[in-house]
Amino acid sequence: MSSRMTGKICIDLAMTILLLFLMARQITGDSAHEWLGAVMFILWVVHHILNFQWYRHLFRGKYAPFRIFQTVINFLLLLAMAGTMVSAVILSREVFAFLPIAGSIALARPLHVFCAFWSFVLMSLHLGLHWNMILGILQKADGPGNTKAFRAGIRTVGLAVAVYGGYAFVKNQIFRSLFLVSSYVFFDFERPLPLFFTEYLAIMGLFIFLAHYGRKLCARKVRK
């Protein structure tokens with residue numbers, strides 16, 4: 001694996017971990033939330049610089065259904081992340097407080113919640129669309145002799161995570177933030193910290209599972 005590819009994977013992994021911590025603002029506190037968000041912004045910029053080739057190839061080649069879907073997800077994620085960053089700057093009381101920005105907090109707060117939760121879902125779908133690459137790396141580490149067992153194990157674990165993720169999605173009322181039913185984020189303060197991260201990691205796993213096997217299903221239909 002090239003050093004460039006290793007760098008991309010490390011940045012994507014760091015962004016995924018940061019995303020989970022950013023969803024836990026009630027636990028980390030406002031100050032840590034702002035600084036973690038600033039780091040996320042820097043990694044997001046670096047991610048786009050390292051993947052600039054994707055933009056250069058946007059108008060080249062044919063657009064099959066999967067490529068259209070992938071492009072739509074990528075641009076929606078770009079918009080959601082941009083909305084999250086802009087609203088975060090307006091709401092900032094520490095990291096970006098020095099900027100002479102006058103914005104409506106009443107509008108920025110629901111926008112931040114809306115864009116942040118959609119960023120969480122869209123980033124999970126984005127990961128799922130590239131999950132084949134991650135599985136390929138894991139498969140090489142597992143060795144050629146255990147391919148069938150490896151695939152069966154991955155599918156079983158993936159299905160279990162997706163089912164639990166569906167339960168956690170409903171339990172945490174994620175749909176309320178996704179569709180702006182309320183700008184208040186449901187949070188159970190009596191829930192143990194490990195359980196919070198387990199539930200949000202499972203929700204992420206749910207959308208990774210849907211994107212990954214949705215891609216496989218589409219590819220199978222195209223071949224037929």
# chains A, B, ... in the order shown; residues from 1 in each chain; ligands from 1
$ residues_around --residues "range 201-210 of chain A" --least-positions-apart "5" --cutoff "9 Å" --atoms "only C-alpha atoms" --output "PyMOL selection string"
chain A and resi 20+120-129+131+158-159+161-169+196+215
$ closest_atom_pairs --of "range 2-65 of chain A" --to "range 105-115 of chain A" --cutoff "12 Å" --atoms "only C-alpha atoms" --output "JSON lines"
{"residue": "A:Leu22", "atom": "CA", "partner": "A:Val113", "partner_atom": "CA", "distance": 11.3}
{"residue": "A:Met23", "atom": "CA", "partner": "A:Val113", "partner_atom": "CA", "distance": 9.8}
{"residue": "A:Arg25", "atom": "CA", "partner": "A:Val113", "partner_atom": "CA", "distance": 11.2}
{"residue": "A:Gly37", "atom": "CA", "partner": "A:His112", "partner_atom": "CA", "distance": 11.8}
$ closest_residue --among "A:Ala116, A:Gln70, A:Leu50, A:Phe189" --to "Thr6 in chain A" --atoms "only C-alpha atoms"
A:Leu50
$ select_by_dssp --residues "range 51-147 of chain A" --states "helix (DSSP H, G or I)" --output "PDB file with N, CA and C atoms, in the first residue's frame"
ATOM      1  N   PHE A  52      -8.654  15.217  -4.623  1.00  0.00           N
ATOM      2  CA  PHE A  52      -9.025  16.208  -5.628  1.00  0.00           C
ATOM      3  C   PHE A  52      -9.186  15.584  -7.011  1.00  0.00           C
ATOM      4  N   GLN A  53      -8.526  14.453  -7.230  1.00  0.00           N
ATOM      5  CA  GLN A  53      -8.649  13.773  -8.532  1.00  0.00           C
ATOM      6  C   GLN A  53     -10.103  13.419  -8.844  1.00  0.00           C
ATOM      7  N   TRP A  54     -10.884  13.138  -7.810  1.00  0.00           N
ATOM      8  CA  TRP A  54     -12.293  12.790  -8.023  1.00  0.00           C
ATOM      9  C   TRP A  54     -13.031  13.928  -8.704  1.00  0.00           C
ATOM     10  N   TYR A  55     -12.733  15.162  -8.288  1.00  0.00           N
ATOM     11  CA  TYR A  55     -13.381  16.328  -8.895  1.00  0.00           C
ATOM     12  C   TYR A  55     -12.932  16.507 -10.350  1.00  0.00           C
ATOM     13  N   ARG A  56     -11.683  16.191 -10.626  1.00  0.00           N
ATOM     14  CA  ARG A  56     -11.156  16.357 -11.983  1.00  0.00           C
ATOM     15  C   ARG A  56     -11.785  15.383 -12.962  1.00  0.00           C
ATOM     16  N   PRO A  65     -25.885   4.071 -13.063  1.00  0.00           N
ATOM     17  CA  PRO A  65     -26.718   4.360 -11.875  1.00  0.00           C
ATOM     18  C   PRO A  65     -25.923   4.461 -10.579  1.00  0.00           C
ATOM     19  N   PHE A  66     -24.957   3.554 -10.388  1.00  0.00           N
ATOM     20  CA  PHE A  66     -24.191   3.597  -9.145  1.00  0.00           C
ATOM     21  C   PHE A  66     -23.352   4.869  -9.061  1.00  0.00           C
ATOM     22  N   ARG A  67     -22.731   5.269 -10.173  1.00  0.00           N
ATOM     23  CA  ARG A  67     -21.912   6.483 -10.161  1.00  0.00           C
ATOM     24  C   ARG A  67     -22.766   7.719  -9.883  1.00  0.00           C
ATOM     25  N   ILE A  68     -23.977   7.735 -10.414  1.00  0.00           N
ATOM     26  CA  ILE A  68     -24.898   8.851 -10.151  1.00  0.00           C
ATOM     27  C   ILE A  68     -25.225   8.915  -8.660  1.00  0.00           C
ATOM     28  N   PHE A  69     -25.548   7.747  -8.090  1.00  0.00           N
ATOM     29  CA  PHE A  69     -25.893   7.685  -6.665  1.00  0.00           C
ATOM     30  C   PHE A  69     -24.712   8.125  -5.810  1.00  0.00           C
ATOM     31  N   GLN A  70     -23.532   7.641  -6.132  1.00  0.00           N
ATOM     32  CA  GLN A  70     -22.327   7.990  -5.376  1.00  0.00           C
ATOM     33  C   GLN A  70     -22.041   9.488  -5.460  1.00  0.00           C
ATOM     34  N   THR A  71     -22.206  10.064  -6.647  1.00  0.00           N
ATOM     35  CA  THR A  71     -21.968  11.493  -6.835  1.00  0.00           C
ATOM     36  C   THR A  71     -22.962  12.327  -6.043  1.00  0.00           C
ATOM     37  N   VAL A  72     -24.230  11.911  -6.048  1.00  0.00           N
ATOM     38  CA  VAL A  72     -25.266  12.621  -5.289  1.00  0.00           C
ATOM     39  C   VAL A  72     -24.943  12.582  -3.791  1.00  0.00           C
ATOM     40  N   ILE A  73     -24.563  11.401  -3.282  1.00  0.00           N
ATOM     41  CA  ILE A  73     -24.213  11.261  -1.859  1.00  0.00           C
ATOM     42  C   ILE A  73     -23.030  12.157  -1.512  1.00  0.00           C
ATOM     43  N   ASN A  74     -22.017  12.176  -2.374  1.00  0.00           N
ATOM     44  CA  ASN A  74     -20.829  12.989  -2.112  1.00  0.00           C
ATOM     45  C   ASN A  74     -21.151  14.474  -2.056  1.00  0.00           C
ATOM     46  N   PHE A  75     -21.986  14.952  -2.977  1.00  0.00           N
ATOM     47  CA  PHE A  75     -22.306  16.371  -2.998  1.00  0.00           C
ATOM     48  C   PHE A  75     -23.252  16.761  -1.856  1.00  0.00           C
ATOM     49  N   LEU A  76     -24.167  15.854  -1.507  1.00  0.00           N
ATOM     50  CA  LEU A  76     -25.028  16.117  -0.350  1.00  0.00           C
ATOM     51  C   LEU A  76     -24.194  16.172   0.930  1.00  0.00           C
ATOM     52  N   LEU A  77     -23.202  15.293   1.030  1.00  0.00           N
ATOM     53  CA  LEU A  77     -22.306  15.298   2.186  1.00  0.00           C
ATOM     54  C   LEU A  77     -21.497  16.593   2.220  1.00  0.00           C
ATOM     55  N   LEU A  78     -21.050  17.046   1.052  1.00  0.00           N
ATOM     56  CA  LEU A  78     -20.308  18.300   0.964  1.00  0.00           C
ATOM     57  C   LEU A  78     -21.161  19.470   1.475  1.00  0.00           C
ATOM     58  N   LEU A  79     -22.425  19.514   1.045  1.00  0.00           N
ATOM     59  CA  LEU A  79     -23.334  20.576   1.473  1.00  0.00           C
ATOM     60  C   LEU A  79     -23.629  20.491   2.971  1.00  0.00           C
ATOM     61  N   ALA A  80     -23.853  19.267   3.461  1.00  0.00           N
ATOM     62  CA  ALA A  80     -24.152  19.081   4.890  1.00  0.00           C
ATOM     63  C   ALA A  80     -22.970  19.493   5.762  1.00  0.00           C
ATOM     64  N   MET A  81     -21.769  19.111   5.347  1.00  0.00           N
ATOM     65  CA  MET A  81     -20.576  19.481   6.112  1.00  0.00           C
ATOM     66  C   MET A  81     -20.350  20.986   6.075  1.00  0.00           C
ATOM     67  N   ALA A  82     -20.570  21.594   4.904  1.00  0.00           N
ATOM     68  CA  ALA A  82     -20.406  23.046   4.785  1.00  0.00           C
ATOM     69  C   ALA A  82     -21.411  23.772   5.683  1.00  0.00           C
ATOM     70  N   GLY A  83     -22.663  23.290   5.687  1.00  0.00           N
ATOM     71  CA  GLY A  83     -23.688  23.878   6.556  1.00  0.00           C
ATOM     72  C   GLY A  83     -23.334  23.734   8.024  1.00  0.00           C
ATOM     73  N   THR A  84     -22.760  22.581   8.384  1.00  0.00           N
ATOM     74  CA  THR A  84     -22.345  22.342   9.770  1.00  0.00           C
ATOM     75  C   THR A  84     -21.244  23.313  10.182  1.00  0.00           C
ATOM     76  N   MET A  85     -20.260  23.497   9.283  1.00  0.00           N
ATOM     77  CA  MET A  85     -19.134  24.378   9.591  1.00  0.00           C
ATOM     78  C   MET A  85     -19.567  25.839   9.699  1.00  0.00           C
ATOM     79  N   VAL A  86     -20.382  26.301   8.750  1.00  0.00           N
ATOM     80  CA  VAL A  86     -20.826  27.700   8.759  1.00  0.00           C
ATOM     81  C   VAL A  86     -21.643  28.002  10.018  1.00  0.00           C
ATOM     82  N   SER A  87     -22.593  27.127  10.327  1.00  0.00           N
ATOM     83  CA  SER A  87     -23.416  27.335  11.527  1.00  0.00           C
ATOM     84  C   SER A  87     -22.577  27.231  12.797  1.00  0.00           C
ATOM     85  N   ALA A  88     -21.549  26.383  12.772  1.00  0.00           N
ATOM     86  CA  ALA A  88     -20.668  26.238  13.943  1.00  0.00           C
ATOM     87  C   ALA A  88     -19.895  27.523  14.202  1.00  0.00           C
ATOM     88  N   VAL A  89     -19.438  28.182  13.143  1.00  0.00           N
ATOM     89  CA  VAL A  89     -18.709  29.441  13.284  1.00  0.00           C
ATOM     90  C   VAL A  89     -19.616  30.513  13.894  1.00  0.00           C
ATOM     91  N   ILE A  90     -20.878  30.548  13.448  1.00  0.00           N
ATOM     92  CA  ILE A  90     -21.832  31.532  13.972  1.00  0.00           C
ATOM     93  C   ILE A  90     -22.111  31.279  15.460  1.00  0.00           C
ATOM     94  N   LEU A  91     -22.202  30.002  15.829  1.00  0.00           N
ATOM     95  CA  LEU A  91     -22.530  29.640  17.214  1.00  0.00           C
ATOM     96  C   LEU A  91     -21.322  29.660  18.148  1.00  0.00           C
ATOM     97  N   ILE A 105     -28.416  33.432  15.770  1.00  0.00           N
ATOM     98  CA  ILE A 105     -28.229  32.192  16.526  1.00  0.00           C
ATOM     99  C   ILE A 105     -29.495  31.341  16.474  1.00  0.00           C
ATOM    100  N   ALA A 106     -30.642  32.013  16.463  1.00  0.00           N
ATOM    101  CA  ALA A 106     -31.921  31.296  16.421  1.00  0.00           C
ATOM    102  C   ALA A 106     -32.044  30.461  15.154  1.00  0.00           C
ATOM    103  N   LEU A 107     -31.431  30.929  14.051  1.00  0.00           N
ATOM    104  CA  LEU A 107     -31.444  30.172  12.800  1.00  0.00           C
ATOM    105  C   LEU A 107     -30.280  29.196  12.724  1.00  0.00           C
ATOM    106  N   ALA A 108     -29.121  29.608  13.267  1.00  0.00           N
ATOM    107  CA  ALA A 108     -27.909  28.788  13.180  1.00  0.00           C
ATOM    108  C   ALA A 108     -28.021  27.504  13.992  1.00  0.00           C
ATOM    109  N   ARG A 109     -28.700  27.562  15.134  1.00  0.00           N
ATOM    110  CA  ARG A 109     -28.777  26.380  16.004  1.00  0.00           C
ATOM    111  C   ARG A 109     -29.517  25.210  15.344  1.00  0.00           C
ATOM    112  N   PRO A 110     -30.761  25.416  14.847  1.00  0.00           N
ATOM    113  CA  PRO A 110     -31.426  24.295  14.160  1.00  0.00           C
ATOM    114  C   PRO A 110     -30.697  23.869  12.890  1.00  0.00           C
ATOM    115  N   LEU A 111     -30.067  24.839  12.188  1.00  0.00           N
ATOM    116  CA  LEU A 111     -29.301  24.495  10.987  1.00  0.00           C
ATOM    117  C   LEU A 111     -28.124  23.598  11.344  1.00  0.00           C
ATOM    118  N   HIS A 112     -27.475  23.891  12.466  1.00  0.00           N
ATOM    119  CA  HIS A 112     -26.316  23.096  12.897  1.00  0.00           C
ATOM    120  C   HIS A 112     -26.728  21.667  13.238  1.00  0.00           C
ATOM    121  N   VAL A 113     -27.829  21.530  13.969  1.00  0.00           N
ATOM    122  CA  VAL A 113     -28.331  20.193  14.324  1.00  0.00           C
ATOM    123  C   VAL A 113     -28.720  19.426  13.064  1.00  0.00           C
ATOM    124  N   PHE A 114     -29.461  20.078  12.187  1.00  0.00           N
ATOM    125  CA  PHE A 114     -29.928  19.458  10.942  1.00  0.00           C
ATOM    126  C   PHE A 114     -28.752  18.974  10.091  1.00  0.00           C
ATOM    127  N   CYS A 115     -27.782  19.867   9.849  1.00  0.00           N
ATOM    128  CA  CYS A 115     -26.634  19.525   8.993  1.00  0.00           C
ATOM    129  C   CYS A 115     -25.712  18.504   9.655  1.00  0.00           C
ATOM    130  N   ALA A 116     -25.552  18.605  10.983  1.00  0.00           N
ATOM    131  CA  ALA A 116     -24.663  17.678  11.698  1.00  0.00           C
ATOM    132  C   ALA A 116     -25.176  16.245  11.619  1.00  0.00           C
ATOM    133  N   PHE A 117     -26.478  16.057  11.827  1.00  0.00           N
ATOM    134  CA  PHE A 117     -27.022  14.698  11.789  1.00  0.00           C
ATOM    135  C   PHE A 117     -27.050  14.144  10.375  1.00  0.00           C
ATOM    136  N   TRP A 118     -27.322  15.012   9.385  1.00  0.00           N
ATOM    137  CA  TRP A 118     -27.255  14.534   8.004  1.00  0.00           C
ATOM    138  C   TRP A 118     -25.814  14.227   7.598  1.00  0.00           C
ATOM    139  N   SER A 119     -24.856  14.984   8.127  1.00  0.00           N
ATOM    140  CA  SER A 119     -23.438  14.675   7.871  1.00  0.00           C
ATOM    141  C   SER A 119     -23.089  13.302   8.426  1.00  0.00           C
ATOM    142  N   PHE A 120     -23.620  13.003   9.606  1.00  0.00           N
ATOM    143  CA  PHE A 120     -23.389  11.706  10.246  1.00  0.00           C
ATOM    144  C   PHE A 120     -23.923  10.567   9.375  1.00  0.00           C
ATOM    145  N   VAL A 121     -25.150  10.719   8.881  1.00  0.00           N
ATOM    146  CA  VAL A 121     -25.767   9.684   8.037  1.00  0.00           C
ATOM    147  C   VAL A 121     -25.059   9.580   6.689  1.00  0.00           C
ATOM    148  N   LEU A 122     -24.810  10.720   6.052  1.00  0.00           N
ATOM    149  CA  LEU A 122     -24.207  10.720   4.712  1.00  0.00           C
ATOM    150  C   LEU A 122     -22.758  10.242   4.745  1.00  0.00           C
ATOM    151  N   MET A 123     -22.032  10.578   5.814  1.00  0.00           N
ATOM    152  CA  MET A 123     -20.656  10.083   5.928  1.00  0.00           C
ATOM    153  C   MET A 123     -20.653   8.561   6.105  1.00  0.00           C
ATOM    154  N   SER A 124     -21.643   8.049   6.831  1.00  0.00           N
ATOM    155  CA  SER A 124     -21.764   6.596   6.999  1.00  0.00           C
ATOM    156  C   SER A 124     -22.064   5.922   5.660  1.00  0.00           C
ATOM    157  N   LEU A 125     -22.968   6.516   4.881  1.00  0.00           N
ATOM    158  CA  LEU A 125     -23.265   5.985   3.542  1.00  0.00           C
ATOM    159  C   LEU A 125     -22.040   6.069   2.650  1.00  0.00           C
ATOM    160  N   HIS A 126     -21.308   7.175   2.758  1.00  0.00           N
ATOM    161  CA  HIS A 126     -20.080   7.360   1.981  1.00  0.00           C
ATOM    162  C   HIS A 126     -19.063   6.261   2.306  1.00  0.00           C
ATOM    163  N   LEU A 127     -18.923   5.949   3.586  1.00  0.00           N
ATOM    164  CA  LEU A 127     -18.029   4.857   4.003  1.00  0.00           C
ATOM    165  C   LEU A 127     -18.508   3.517   3.444  1.00  0.00           C
ATOM    166  N   GLY A 128     -19.825   3.308   3.480  1.00  0.00           N
ATOM    167  CA  GLY A 128     -20.386   2.058   2.979  1.00  0.00           C
ATOM    168  C   GLY A 128     -20.132   1.855   1.498  1.00  0.00           C
ATOM    169  N   LEU A 129     -20.138   2.935   0.723  1.00  0.00           N
ATOM    170  CA  LEU A 129     -19.894   2.838  -0.715  1.00  0.00           C
ATOM    171  C   LEU A 129     -18.435   2.499  -1.018  1.00  0.00           C
ATOM    172  N   TRP A 131     -16.710   0.486   1.196  1.00  0.00           N
ATOM    173  CA  TRP A 131     -16.427  -0.587   2.153  1.00  0.00           C
ATOM    174  C   TRP A 131     -15.674  -1.750   1.524  1.00  0.00           C
ATOM    175  N   ASN A 132     -15.826  -1.946   0.212  1.00  0.00           N
ATOM    176  CA  ASN A 132     -15.092  -3.017  -0.471  1.00  0.00           C
ATOM    177  C   ASN A 132     -13.589  -2.868  -0.293  1.00  0.00           C
ATOM    178  N   MET A 133     -13.120  -1.615  -0.347  1.00  0.00           N
ATOM    179  CA  MET A 133     -11.683  -1.362  -0.187  1.00  0.00           C
ATOM    180  C   MET A 133     -11.228  -1.758   1.217  1.00  0.00           C
ATOM    181  N   ILE A 134     -12.019  -1.404   2.226  1.00  0.00           N
ATOM    182  CA  ILE A 134     -11.672  -1.743   3.607  1.00  0.00           C
ATOM    183  C   ILE A 134     -11.691  -3.248   3.823  1.00  0.00           C
ATOM    184  N   LEU A 135     -12.711  -3.908   3.246  1.00  0.00           N
ATOM    185  CA  LEU A 135     -12.789  -5.373   3.359  1.00  0.00           C
ATOM    186  C   LEU A 135     -11.616  -6.037   2.657  1.00  0.00           C
ATOM    187  N   GLY A 136     -11.184  -5.451   1.546  1.00  0.00           N
ATOM    188  CA  GLY A 136     -10.027  -5.996   0.825  1.00  0.00           C
ATOM    189  C   GLY A 136      -8.771  -5.957   1.675  1.00  0.00           C
ATOM    190  N   ILE A 137      -8.583  -4.849   2.406  1.00  0.00           N
ATOM    191  CA  ILE A 137      -7.419  -4.723   3.286  1.00  0.00           C
ATOM    192  C   ILE A 137      -7.486  -5.757   4.413  1.00  0.00           C
ATOM    193  N   LEU A 138      -8.674  -5.904   5.001  1.00  0.00           N
ATOM    194  CA  LEU A 138      -8.858  -6.878   6.081  1.00  0.00           C
ATOM    195  C   LEU A 138      -8.674  -8.306   5.572  1.00  0.00           C
ATOM    196  N   GLN A 139      -9.130  -8.554   4.345  1.00  0.00           N
ATOM    197  CA  GLN A 139      -9.028  -9.896   3.778  1.00  0.00           C
ATOM    198  C   GLN A 139      -7.580 -10.283   3.537  1.00  0.00           C
ATOM    199  N   LYS A 140      -6.775  -9.316   3.098  1.00  0.00           N
ATOM    200  CA  LYS A 140      -5.349  -9.582   2.897  1.00  0.00           C
ATOM    201  C   LYS A 140      -4.679  -9.905   4.232  1.00  0.00           C
ATOM    202  N   ALA A 141      -5.097  -9.184   5.277  1.00  0.00           N
ATOM    203  CA  ALA A 141      -4.517  -9.437   6.600  1.00  0.00           C
ATOM    204  C   ALA A 141      -4.947 -10.797   7.137  1.00  0.00           C
ATOM    205  N   ASP A 142      -6.185 -11.211   6.770  1.00  0.00           N
ATOM    206  CA  ASP A 142      -6.716 -12.489   7.239  1.00  0.00           C
ATOM    207  C   ASP A 142      -6.047 -13.665   6.535  1.00  0.00           C
ATOM    208  N   PRO A 144      -5.322 -15.713   2.456  1.00  0.00           N
ATOM    209  CA  PRO A 144      -6.141 -16.330   1.418  1.00  0.00           C
ATOM    210  C   PRO A 144      -6.813 -17.628   1.838  1.00  0.00           C
ATOM    211  N   GLY A 145      -6.317 -18.256   2.881  1.00  0.00           N
ATOM    212  CA  GLY A 145      -6.866 -19.553   3.269  1.00  0.00           C
ATOM    213  C   GLY A 145      -8.204 -19.483   3.983  1.00  0.00           C
ATOM    214  N   ASN A 146      -8.551 -18.300   4.512  1.00  0.00           N
ATOM    215  CA  ASN A 146      -9.778 -18.174   5.302  1.00  0.00           C
ATOM    216  C   ASN A 146     -10.813 -17.259   4.644  1.00  0.00           C
ATOM    217  N   THR A 147     -10.800 -17.195   3.309  1.00  0.00           N
ATOM    218  CA  THR A 147     -11.667 -16.255   2.595  1.00  0.00           C
ATOM    219  C   THR A 147     -13.143 -16.514   2.874  1.00  0.00           C
TER     220      THR A 147
END
$ atom_distance --atom1 "CA of Met15 in chain A" --atom2 "CA of Val46 in chain A"
10.8 Å
